[in-house]
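Asks: Just so it is clear, I am handing over coords-v2.txt, which has compact mmCIF, C-alpha atoms and all ligand atoms.
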```txt
# COMPACT_ATOMS: atom_id res chain seq x y z
CA MET A 1 20.32 17.42 -17.67
CA ASN A 2 19.21 14.79 -15.16
CA TRP A 3 18.00 11.49 -16.58
CA ILE A 4 14.34 10.54 -16.55
CA ASP A 5 14.15 6.77 -16.33
CA LEU A 6 10.75 5.35 -17.30
CA ARG A 7 11.87 1.72 -17.55
CA SER A 8 10.52 0.72 -14.14
CA ASP A 9 9.74 2.00 -10.66
CA THR A 10 12.67 -0.11 -9.43
CA VAL A 11 15.18 2.53 -10.55
CA THR A 12 14.52 5.10 -7.80
CA GLN A 13 17.41 6.50 -5.80
CA PRO A 14 17.10 6.51 -2.00
CA THR A 15 16.21 10.04 -0.88
CA ARG A 16 18.45 12.03 1.49
CA ALA A 17 15.88 11.52 4.29
CA MET A 18 15.86 7.78 3.64
CA ARG A 19 19.67 7.62 3.77
CA GLU A 20 19.57 9.57 7.02
CA ALA A 21 16.99 7.16 8.44
CA MET A 22 19.51 4.37 7.80
CA LEU A 23 22.34 6.01 9.74
CA ASP A 24 21.53 5.52 13.39
CA VAL A 25 19.36 2.42 13.45
CA GLU A 26 19.97 -0.46 15.81
CA VAL A 27 20.91 -3.64 13.99
CA GLY A 28 21.70 -7.24 14.91
CA ASP A 29 22.18 -10.61 13.27
CA ASP A 30 18.91 -11.40 11.49
CA VAL A 31 19.78 -15.07 10.99
CA TYR A 32 19.54 -15.27 14.79
CA GLY A 33 16.34 -13.20 14.60
CA GLU A 34 18.17 -10.46 16.54
CA ASP A 35 17.88 -7.45 14.28
CA PRO A 36 15.40 -5.12 16.02
CA THR A 37 14.84 -3.03 12.90
CA VAL A 38 14.14 -6.07 10.72
CA ASN A 39 11.79 -7.36 13.42
CA ALA A 40 10.03 -4.00 13.53
CA LEU A 41 9.55 -4.00 9.75
CA GLN A 42 8.20 -7.55 9.77
CA ARG A 43 5.84 -6.69 12.65
CA ARG A 44 4.75 -3.47 10.97
CA LEU A 45 3.76 -5.12 7.70
CA ALA A 46 2.16 -8.14 9.37
CA ASP A 47 0.03 -5.80 11.52
CA ASP A 48 -0.73 -3.47 8.63
CA LEU A 49 -1.94 -6.32 6.44
CA GLY A 50 -3.65 -8.38 9.16
CA PHE A 51 -1.28 -11.36 9.40
CA ALA A 52 0.44 -13.11 12.31
CA ALA A 53 4.00 -12.87 10.98
CA GLY A 54 6.29 -11.42 8.33
CA LEU A 55 9.67 -12.20 6.80
CA PHE A 56 12.03 -9.63 5.28
CA VAL A 57 13.78 -10.96 2.17
CA PRO A 58 16.09 -9.56 -0.51
CA SER A 59 13.70 -9.62 -3.46
CA GLY A 60 10.15 -10.12 -4.60
CA THR A 61 11.24 -13.16 -6.57
CA GLN A 62 12.59 -14.79 -3.43
CA SER A 63 9.50 -13.79 -1.45
CA ASN A 64 7.18 -15.45 -3.99
CA LEU A 65 9.43 -18.51 -4.19
CA LEU A 66 9.47 -18.93 -0.41
CA ALA A 67 5.67 -18.57 -0.34
CA LEU A 68 5.21 -21.22 -3.01
CA MET A 69 7.69 -23.57 -1.34
CA SER A 70 6.01 -23.07 2.03
CA HIS A 71 2.48 -23.68 0.77
CA CYS A 72 3.39 -26.55 -1.58
CA GLU A 73 5.57 -29.63 -1.47
CA ARG A 74 7.35 -31.60 -4.15
CA GLY A 75 4.76 -32.87 -6.65
CA ASP A 76 2.20 -30.24 -5.76
CA GLU A 77 0.83 -27.75 -8.24
CA TYR A 78 -0.04 -24.07 -8.18
CA ILE A 79 -2.50 -22.36 -10.50
CA VAL A 80 -1.22 -19.04 -11.79
CA GLY A 81 -1.73 -16.50 -14.56
CA ALA A 82 0.10 -17.24 -17.81
CA GLU A 83 1.41 -13.66 -17.73
CA ALA A 84 2.00 -13.57 -13.98
CA HIS A 85 5.40 -12.55 -12.68
CA THR A 86 5.55 -15.63 -10.47
CA TYR A 87 5.10 -17.90 -13.46
CA LYS A 88 6.77 -16.09 -16.32
CA PHE A 89 9.39 -13.73 -14.92
CA GLU A 90 10.99 -15.63 -12.06
CA GLY A 91 13.07 -18.11 -14.00
CA GLY A 92 10.63 -20.93 -13.34
CA GLY A 93 11.90 -20.98 -9.74
CA ALA A 94 8.92 -22.85 -8.29
CA ALA A 95 9.54 -25.74 -10.70
CA VAL A 96 13.33 -25.49 -10.77
CA LEU A 97 13.95 -25.14 -7.04
CA GLY A 98 10.66 -26.25 -5.47
CA SER A 99 9.61 -29.20 -7.67
CA ILE A 100 6.22 -27.48 -7.83
CA GLN A 101 4.34 -27.76 -11.10
CA PRO A 102 2.80 -24.55 -12.43
CA GLN A 103 -0.62 -24.67 -14.10
CA PRO A 104 -0.89 -21.44 -16.06
CA ILE A 105 -4.31 -19.96 -16.91
CA ALA A 106 -4.99 -17.17 -19.41
CA HIS A 107 -5.80 -13.86 -17.72
CA ASP A 108 -8.87 -11.84 -18.55
CA ALA A 109 -8.00 -8.35 -19.80
CA ASP A 110 -8.46 -6.92 -16.29
CA GLY A 111 -5.84 -9.25 -14.85
CA THR A 112 -8.25 -11.60 -13.11
CA LEU A 113 -8.12 -15.37 -13.57
CA PRO A 114 -11.68 -16.50 -14.37
CA LEU A 115 -12.67 -18.77 -11.48
CA GLU A 116 -14.45 -21.24 -13.77
CA LYS A 117 -11.16 -21.71 -15.63
CA VAL A 118 -9.35 -22.16 -12.34
CA ALA A 119 -11.97 -24.70 -11.24
CA ALA A 120 -11.54 -26.63 -14.50
CA ALA A 121 -7.77 -26.77 -13.96
CA ILE A 122 -7.94 -28.31 -10.46
CA LYS A 123 -6.71 -31.89 -10.78
CA PRO A 124 -8.58 -34.90 -9.41
CA ILE A 125 -6.97 -36.63 -6.46
CA ASP A 126 -5.35 -39.49 -8.36
CA PRO A 127 -1.75 -40.68 -8.75
CA HIS A 128 -1.78 -39.51 -12.41
CA PHE A 129 -1.88 -35.89 -11.38
CA ALA A 130 0.06 -33.34 -9.46
CA ARG A 131 -1.79 -32.25 -6.31
CA THR A 132 -3.37 -28.84 -6.85
CA ARG A 133 -2.61 -26.88 -3.68
CA LEU A 134 -2.47 -23.18 -4.35
CA LEU A 135 -3.90 -20.35 -6.40
CA ALA A 136 -1.60 -17.37 -6.96
CA LEU A 137 -2.89 -13.94 -8.01
CA GLU A 138 -1.07 -10.69 -8.76
CA ASN A 139 -2.21 -7.16 -7.80
CA THR A 140 -1.52 -4.82 -9.43
CA TRP A 141 -1.13 -6.83 -12.63
CA HIS A 142 0.54 -4.79 -15.38
CA GLY A 143 -0.61 -1.80 -13.39
CA ARG A 144 -4.22 -2.96 -13.21
CA VAL A 145 -6.02 -3.06 -9.88
CA LEU A 146 -7.94 -6.32 -9.45
CA PRO A 147 -11.59 -5.61 -8.52
CA LEU A 148 -12.30 -6.01 -4.81
CA ASP A 149 -15.39 -8.16 -5.42
CA TYR A 150 -13.27 -10.51 -7.54
CA LEU A 151 -10.80 -10.86 -4.66
CA ARG A 152 -13.63 -11.70 -2.30
CA ALA A 153 -14.99 -14.31 -4.74
CA ALA A 154 -11.50 -15.77 -5.22
CA GLY A 155 -11.07 -16.03 -1.44
CA GLU A 156 -14.38 -17.86 -1.05
CA PHE A 157 -13.57 -20.09 -4.02
CA ALA A 158 -10.16 -21.05 -2.64
CA ARG A 159 -11.61 -21.87 0.79
CA GLU A 160 -14.39 -24.00 -0.74
CA ARG A 161 -11.93 -25.90 -2.89
CA GLY A 162 -9.32 -26.33 -0.17
CA LEU A 163 -6.68 -24.28 -2.00
CA ALA A 164 -4.31 -21.86 -0.37
CA LEU A 165 -4.37 -18.37 -1.87
CA HIS A 166 -1.19 -16.32 -2.40
CA LEU A 167 -0.97 -12.73 -3.57
CA ASP A 168 2.04 -11.42 -5.44
CA GLY A 169 1.46 -7.90 -4.16
CA ALA A 170 4.70 -6.44 -5.45
CA ARG A 171 2.66 -3.26 -6.00
CA LEU A 172 -0.03 -3.89 -3.38
CA TYR A 173 0.16 -0.30 -2.12
CA ASN A 174 -0.36 1.07 -5.63
CA ALA A 175 -3.54 -1.04 -5.77
CA ALA A 176 -4.68 0.13 -2.33
CA VAL A 177 -4.03 3.82 -3.05
CA ALA A 178 -5.76 3.60 -6.44
CA ALA A 179 -8.77 1.75 -4.97
CA GLY A 180 -8.90 4.15 -2.02
CA VAL A 181 -8.88 1.33 0.56
CA PRO A 182 -6.43 0.26 3.27
CA ALA A 183 -4.03 -2.40 1.93
CA ARG A 184 -5.43 -4.79 4.54
CA GLU A 185 -8.78 -4.77 2.76
CA ILE A 186 -7.08 -6.33 -0.27
CA ALA A 187 -4.80 -8.60 1.76
CA GLN A 188 -7.57 -10.05 3.94
CA HIS A 189 -8.66 -12.55 1.30
CA PHE A 190 -5.24 -14.23 1.07
CA ASP A 191 -3.24 -16.75 3.08
CA SER A 192 0.02 -15.02 2.19
CA VAL A 193 1.02 -11.76 0.57
CA SER A 194 4.36 -10.66 -0.85
CA VAL A 195 5.02 -6.91 -0.94
CA CYS A 196 7.98 -5.18 -2.65
CA LEU A 197 9.44 -2.15 -0.91
CA SER A 198 11.85 -1.61 -3.80
CA LYS A 199 9.27 -0.68 -6.46
CA GLY A 200 7.10 2.40 -6.15
CA LEU A 201 7.82 2.67 -2.42
CA ALA A 202 11.39 3.49 -3.44
CA ALA A 203 13.46 1.59 -0.88
CA PRO A 204 16.78 0.37 -2.30
CA VAL A 205 16.27 -3.35 -1.56
CA GLY A 206 13.72 -5.65 -0.03
CA SER A 207 10.39 -7.41 0.04
CA VAL A 208 8.31 -8.75 2.89
CA LEU A 209 6.26 -11.94 2.90
CA VAL A 210 3.40 -12.08 5.40
CA GLY A 211 1.32 -15.08 6.47
CA SER A 212 0.52 -17.31 9.42
CA ALA A 213 3.21 -18.00 12.02
CA ALA A 214 3.56 -21.58 10.75
CA LEU A 215 3.90 -20.50 7.12
CA ILE A 216 6.50 -17.85 7.93
CA GLU A 217 8.49 -20.38 9.99
CA LYS A 218 8.69 -22.61 6.91
CA ALA A 219 9.55 -19.62 4.72
CA ARG A 220 12.35 -18.63 7.12
CA ARG A 221 13.87 -22.08 6.71
CA TRP A 222 13.62 -21.89 2.90
CA ARG A 223 15.08 -18.39 2.94
CA LYS A 224 18.20 -19.79 4.63
CA VAL A 225 18.34 -22.69 2.17
CA ALA A 226 18.04 -20.25 -0.73
CA GLY A 227 20.98 -18.25 0.60
CA GLY A 228 18.77 -15.38 1.71
CA GLY A 229 19.70 -15.46 5.41
CA TRP A 230 21.26 -12.08 5.95
CA ARG A 231 22.91 -10.46 8.91
CA GLN A 232 22.62 -6.75 9.86
CA ALA A 233 19.82 -6.25 7.36
CA GLY A 234 18.28 -3.63 9.64
CA LEU A 235 20.03 -0.95 7.61
CA LEU A 236 17.84 -1.96 4.68
CA ALA A 237 14.79 -2.47 6.89
CA ALA A 238 15.21 1.12 8.11
CA ALA A 239 14.93 2.32 4.52
CA CYS A 240 11.82 0.18 4.09
CA LEU A 241 10.22 1.54 7.29
CA HIS A 242 10.98 5.05 6.04
CA ALA A 243 9.33 4.16 2.72
CA LEU A 244 6.20 2.91 4.51
CA ASP A 245 6.04 6.12 6.55
CA HIS A 246 6.65 8.55 3.70
CA HIS A 247 6.08 6.97 0.31
CA VAL A 248 2.68 5.28 0.40
CA ALA A 249 0.24 8.19 0.07
CA ARG A 250 2.44 9.83 -2.56
CA LEU A 251 1.87 6.89 -4.94
CA ALA A 252 -1.23 8.86 -5.92
CA ASP A 253 1.14 11.44 -7.45
CA ASP A 254 2.74 8.76 -9.63
CA HIS A 255 -0.71 7.64 -10.76
CA ALA A 256 -1.76 11.21 -11.55
CA ARG A 257 1.46 11.81 -13.51
CA ALA A 258 0.95 8.58 -15.46
CA ALA A 259 -2.59 9.73 -16.28
CA ARG A 260 -1.34 13.12 -17.47
CA LEU A 261 1.40 11.49 -19.54
CA ALA A 262 -1.16 9.13 -21.12
CA GLY A 263 -3.54 12.01 -21.85
CA SER A 264 -0.85 13.94 -23.72
CA LEU A 265 0.67 10.97 -25.57
CA ARG A 266 -2.78 10.01 -26.84
CA GLU A 267 -2.90 13.35 -28.71
CA ILE A 268 0.35 12.68 -30.61
CA ALA A 269 -0.11 11.26 -34.11
CA GLY A 270 2.06 8.15 -34.33
CA VAL A 271 1.49 7.11 -30.73
CA LYS A 272 -1.31 4.68 -29.96
CA LEU A 273 -2.35 4.73 -26.33
CA LEU A 274 -3.22 1.19 -25.22
CA GLY A 275 -4.02 2.07 -21.64
CA GLN A 276 -2.93 3.65 -18.38
CA HIS A 277 -3.25 1.87 -15.07
CA THR A 278 -1.88 3.20 -11.77
CA ASN A 279 1.76 4.18 -12.49
CA MET A 280 2.05 2.51 -15.90
CA VAL A 281 1.33 3.80 -19.40
CA PHE A 282 1.21 1.37 -22.31
CA ILE A 283 1.62 2.64 -25.87
CA ASP A 284 2.27 1.26 -29.32
CA VAL A 285 4.56 3.08 -31.71
CA PRO A 286 5.46 2.07 -35.28
CA GLY A 287 7.84 -0.87 -34.87
CA GLU A 288 10.24 0.36 -37.56
CA ARG A 289 10.79 3.64 -35.68
CA LEU A 290 11.43 2.08 -32.28
CA ARG A 291 15.25 2.31 -32.32
CA GLU A 292 15.15 5.81 -33.71
CA LEU A 293 12.67 6.84 -30.99
CA ASP A 294 14.90 5.33 -28.32
CA ALA A 295 17.91 7.28 -29.65
CA HIS A 296 15.88 10.49 -29.78
CA LEU A 297 14.70 10.06 -26.19
CA ARG A 298 18.23 9.26 -25.02
CA SER A 299 19.46 12.48 -26.58
CA ALA A 300 16.87 14.19 -24.37
CA SER A 301 18.16 12.20 -21.33
CA ILE A 302 15.09 9.96 -21.21
CA ARG A 303 15.39 6.19 -20.83
CA ILE A 304 12.73 3.72 -21.89
CA SER A 305 13.06 0.00 -22.33
CA ILE A 306 12.49 -1.30 -25.82
CA GLY A 307 11.85 -4.97 -26.35
CA TYR A 308 11.14 -6.64 -29.64
CA LEU A 309 7.50 -5.46 -29.56
CA PRO A 310 6.24 -2.03 -30.58
CA THR A 311 4.43 -1.94 -27.20
CA LEU A 312 6.18 0.28 -24.68
CA ARG A 313 5.61 0.43 -20.95
CA LEU A 314 6.38 3.79 -19.35
CA VAL A 315 6.50 3.79 -15.56
CA THR A 316 6.26 6.80 -13.25
CA HIS A 317 7.86 6.85 -9.79
CA LEU A 318 9.41 9.02 -7.09
CA ASP A 319 12.16 10.33 -9.40
CA VAL A 320 9.79 11.52 -12.13
CA ASP A 321 8.31 14.90 -11.21
CA ASP A 322 5.90 17.19 -13.10
CA GLU A 323 8.73 18.85 -15.00
CA GLY A 324 9.97 15.37 -15.96
CA VAL A 325 6.56 14.45 -17.36
CA ASP A 326 6.59 17.69 -19.39
CA ARG A 327 10.01 16.80 -20.79
CA VAL A 328 8.84 13.32 -21.80
CA ILE A 329 5.73 14.69 -23.52
CA ALA A 330 7.83 17.30 -25.37
CA ALA A 331 10.37 14.68 -26.49
CA PHE A 332 7.66 12.37 -27.88
CA ALA A 333 5.95 15.32 -29.58
CA SER A 334 9.14 16.55 -31.26
CA PHE A 335 10.04 13.04 -32.44
CA PHE A 336 6.69 12.36 -34.07
CA ALA A 337 6.53 15.89 -35.50
CA GLN A 338 9.83 15.11 -37.33
CA GLY A 339 8.34 11.88 -38.66
CA ALA A 340 5.38 13.73 -40.09
CA ALA A 341 7.60 16.24 -41.91
C1 LIG B 1 9.17 -6.86 -9.52
C2 LIG B 1 8.13 -7.87 -9.32
C3 LIG B 1 8.38 -9.04 -8.61
C4 LIG B 1 9.75 -9.47 -8.16
O1 LIG B 1 10.51 -8.55 -7.56
P1 LIG B 1 12.11 -8.56 -7.60
O2 LIG B 1 12.40 -7.84 -6.35
O3 LIG B 1 12.49 -7.85 -8.83
O4 LIG B 1 12.58 -9.98 -7.57
C5 LIG B 1 7.34 -9.90 -8.41
N1 LIG B 1 6.12 -9.65 -8.89
C6 LIG B 1 5.84 -8.55 -9.59
C7 LIG B 1 4.47 -8.34 -10.09
C8 LIG B 1 6.83 -7.62 -9.83
O5 LIG B 1 6.55 -6.54 -10.54
```
Write out the structure in this file as structure tokens.
Ligand SMILES: *Cc1c(COP(=O)(O)O)cnc(C)c1O
Replies:
Amino acid sequence: MNWIDLRSDTVTQPTRAMREAMLDVEVGDDVYGEDPTVNALQRRLADDLGFAAGLFVPSGTQSNLLALMSHCERGDEYIVGAEAHTYKFEGGGAAVLGSIQPQPIAHDADGTLPLEKVAAAIKPIDPHFARTRLLALENTWHGRVLPLDYLRAAGEFARERGLALHLDGARLYNAAVAAGVPAREIAQHFDSVSVCLSKGLAAPVGSVLVGSAALIEKARRWRKVAGGGWRQAGLLAAACLHALDHHVARLADDHARAARLAGSLREIAGVKLLGQHTNMVFIDVPGERLRELDAHLRSASIRISIGYLPTLRLVTHLDVDDEGVDRVIAAFASFFAQGAA
């Protein structure tokens, strides 16, 4: 039986059509700026999102790091969600490699950072303090789509306060598809946006950072410093272009499957549905049965990731079809039926 992997949308395999799209592309040395396919991808995303320039990079972590290092200098500060990827899940890169101090703020339940809390965290201009330069948001955040009116307010706030505004849009297209708006309508409020092609869009590798020409010039320099200058990366860019052509609208299928999965899990005694947002389902199960549940699912060729919490995140993606969702529901049902016996 084929495996159903619900750990993340990063686990997708490149489709046959995507592999074929990689075969005959023109490539060149991207460190010299000579890879036509990389240049086309950068142009495509910059145009799509309404920015002057783009930079293709190996990962979302590097893309966010380059953005932070291009907006901020040593001794500057960025304000960020305490549960944001950029702050919590990127090894502290901004501080470690950029000498940029993070100022974390608690998220509201919808993933927004309350602007009055952000305002209160901005430091006075005084040698005692780091210089607050940037506000970083994330959309989607744990699958949640940030409200469009919040983004507008955040954009106005940042401009008034002289802060740059960065979006970790690893799953920007999930947000756009779920909100029913072009991605540009979300991106327009920001000075830079990082987009992952390797998540729900199902390319094997790659993220793109977009921003002004000056910002992207700085980011290109930092990419080289960080060891991210790559050569015939057009092979990967071709997969990303294919993903943009073929895998954006279909994100709605992942969202619908996540909703169906959530609806069925909610009916199973023993499973507590915490929420479903875009392609993510969050559930609690009894902590003492977690390992047993994991073993049961593995025996049904289903992979989940279990941490030390009873909260599980189940993620739908290109390689989870309707039959896969049925199998997951059946496996949860049979496990909790056993427990009840
Ligand atoms: C995955 C992810 C990243 C980083 O992407 P990598 O390519 O894994 O480095 C950044 N932000 C968010 C919200 C993500 O989910």
Asks: Counting all atoms listed in the file, which residues sit no farther than 8 Å from the position (11.6, 1.4, -10.6) in the file's frame? I'd like them as a JSON list (two decimals) with C-alpha atoms, in the coordinates of the input.
Replies:
```json
[["chain", "number", "residue", "atom", "x", "y", "z"],
["A", 6, "LEU", "CA", 10.75, 5.35, -17.30],
["A", 7, "ARG", "CA", 11.87, 1.72, -17.55],
["A", 8, "SER", "CA", 10.52, 0.72, -14.14],
["A", 9, "ASP", "CA", 9.74, 2.00, -10.66],
["A", 10, "THR", "CA", 12.67, -0.11, -9.43],
["A", 11, "VAL", "CA", 15.18, 2.53, -10.55],
["A", 12, "THR", "CA", 14.52, 5.10, -7.80],
["A", 198, "SER", "CA", 11.85, -1.61, -3.80],
["A", 199, "LYS", "CA", 9.27, -0.68, -6.46],
["A", 200, "GLY", "CA", 7.10, 2.40, -6.15],
["A", 202, "ALA", "CA", 11.39, 3.49, -3.44],
["A", 315, "VAL", "CA", 6.50, 3.79, -15.56],
["A", 317, "HIS", "CA", 7.86, 6.85, -9.79]]
```
Asks: Counting only C-alpha atoms, which residue out of A:Gly81, A:Gly211, A:Gly275, A:Gly98 sits closest to A:Ala259?
Replies: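 Looking at the shortest contact to A:Ala259, the residue is A:Gly275.
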Asks: In terms of the shortest atom-to-atom distance over all atoms listed in the file, which of A:His277, A:Leu45, A:Gly92, A:Ala203 is closest to A:Asp110?
Replies: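 Closest candidate: A:His277.
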Asks: Could you give me the axis-aligned bounding box of ligand LIG 1 (chain B), with 4 Å of padding per side, as centre plus edge lengths in Å to one decimal, as JSON?
Replies:
```
{"center_x": 8.5, "center_y": -8.3, "center_z": -8.4, "size_x": 16.1, "size_y": 11.4, "size_z": 12.2}
```
Asks: Could you report the residues within 7 Å of ligand LIG 1 (chain B), using all atoms listed in the file, as a PyMOL selection string?
Replies: chain A and resi 59-62+84-86+138+140-141+168-171+196+198-199+206-207
Asks: When you count only C-alpha atoms, which of these residues is closest to A:Ala252: A:Ala175, A:Leu148, A:Ala67, A:Val38?
Replies: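 Closest residue, counting only C-alpha atoms: A:Ala175.
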Asks: Counting all atoms listed in the file, what is within 12 Å of stretch 95-97 of chain A, bar same-chain residues fewer than 5 positions away, as number ranges by chain?
Replies: A: 62, 65-66, 68-69, 72-78, 86-88, 90, 102-103, 222, 225-226
Asks: Any chance you can output those residues with C-alpha atoms as a compact mmCIF listing (two decimals), keeping the file's coordinate frame?
Replies:
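The resulting selection38.txt:
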```
# COMPACT_ATOMS: atom_id res chain seq x y z
CA GLN A 62 12.59 -14.79 -3.43
CA LEU A 65 9.43 -18.51 -4.19
CA LEU A 66 9.47 -18.93 -0.41
CA LEU A 68 5.21 -21.22 -3.01
CA MET A 69 7.69 -23.57 -1.34
CA CYS A 72 3.39 -26.55 -1.58
CA GLU A 73 5.57 -29.63 -1.47
CA ARG A 74 7.35 -31.60 -4.15
CA GLY A 75 4.76 -32.87 -6.65
CA ASP A 76 2.20 -30.24 -5.76
CA GLU A 77 0.83 -27.75 -8.24
CA TYR A 78 -0.04 -24.07 -8.18
CA THR A 86 5.55 -15.63 -10.47
CA TYR A 87 5.10 -17.90 -13.46
CA LYS A 88 6.77 -16.09 -16.32
CA GLU A 90 10.99 -15.63 -12.06
CA PRO A 102 2.80 -24.55 -12.43
CA GLN A 103 -0.62 -24.67 -14.10
CA TRP A 222 13.62 -21.89 2.90
CA VAL A 225 18.34 -22.69 2.17
CA ALA A 226 18.04 -20.25 -0.73
```
Asks: So which residues fall inside 9 Å of (1.0, 4.1, -14.7) if we count all atoms listed in the file? Mind giving them as a PyMOL selection string?
Replies: chain A and resi 142-144+254-259+261-262+275-282+313-317
Asks: Between atom CA of A:Ala249 and atom CA of A:Asp48, what is the distance, to one decimal in Å?
Replies: 14.5 Å
Asks: With a distance cut-off of 10 Å and all atoms listed in the file, select the neighbouring residues of A:Arg327, excluding the residue or stretch itself and same-chain residues fewer than 2 positions from it, and output the selection as a list in words.
Replies: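 My reading of the contact set: Ile4, Leu297, Ala300, Ser301, Ile302, Asp321, Asp322, Glu323, Gly324, Val325, Ile329, Ala330, Ala331, Phe332 and Ala333 of chain A.
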Asks: A:Arg184, A:Arg303, A:His189, A:Arg223: which is nearest A:Ala153, counting all atoms listed in the file?
Replies: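 Distance minimum relative to A:Ala153 lands on A:His189.
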Asks: Which one is closest to A:Ala213: A:Ala46, A:Ile186, A:Met22, A:Leu163? Count all atoms listed in the file.
Replies: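 Closest residue, counting all atoms listed in the file: A:Ala46.
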Asks: For A:Phe51, which of A:Val80, A:Leu209, A:Leu241, A:Ile268 is the closest residue, counting all atoms listed in the file?
Replies: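 The answer is A:Leu209, which sits nearest to A:Phe51.
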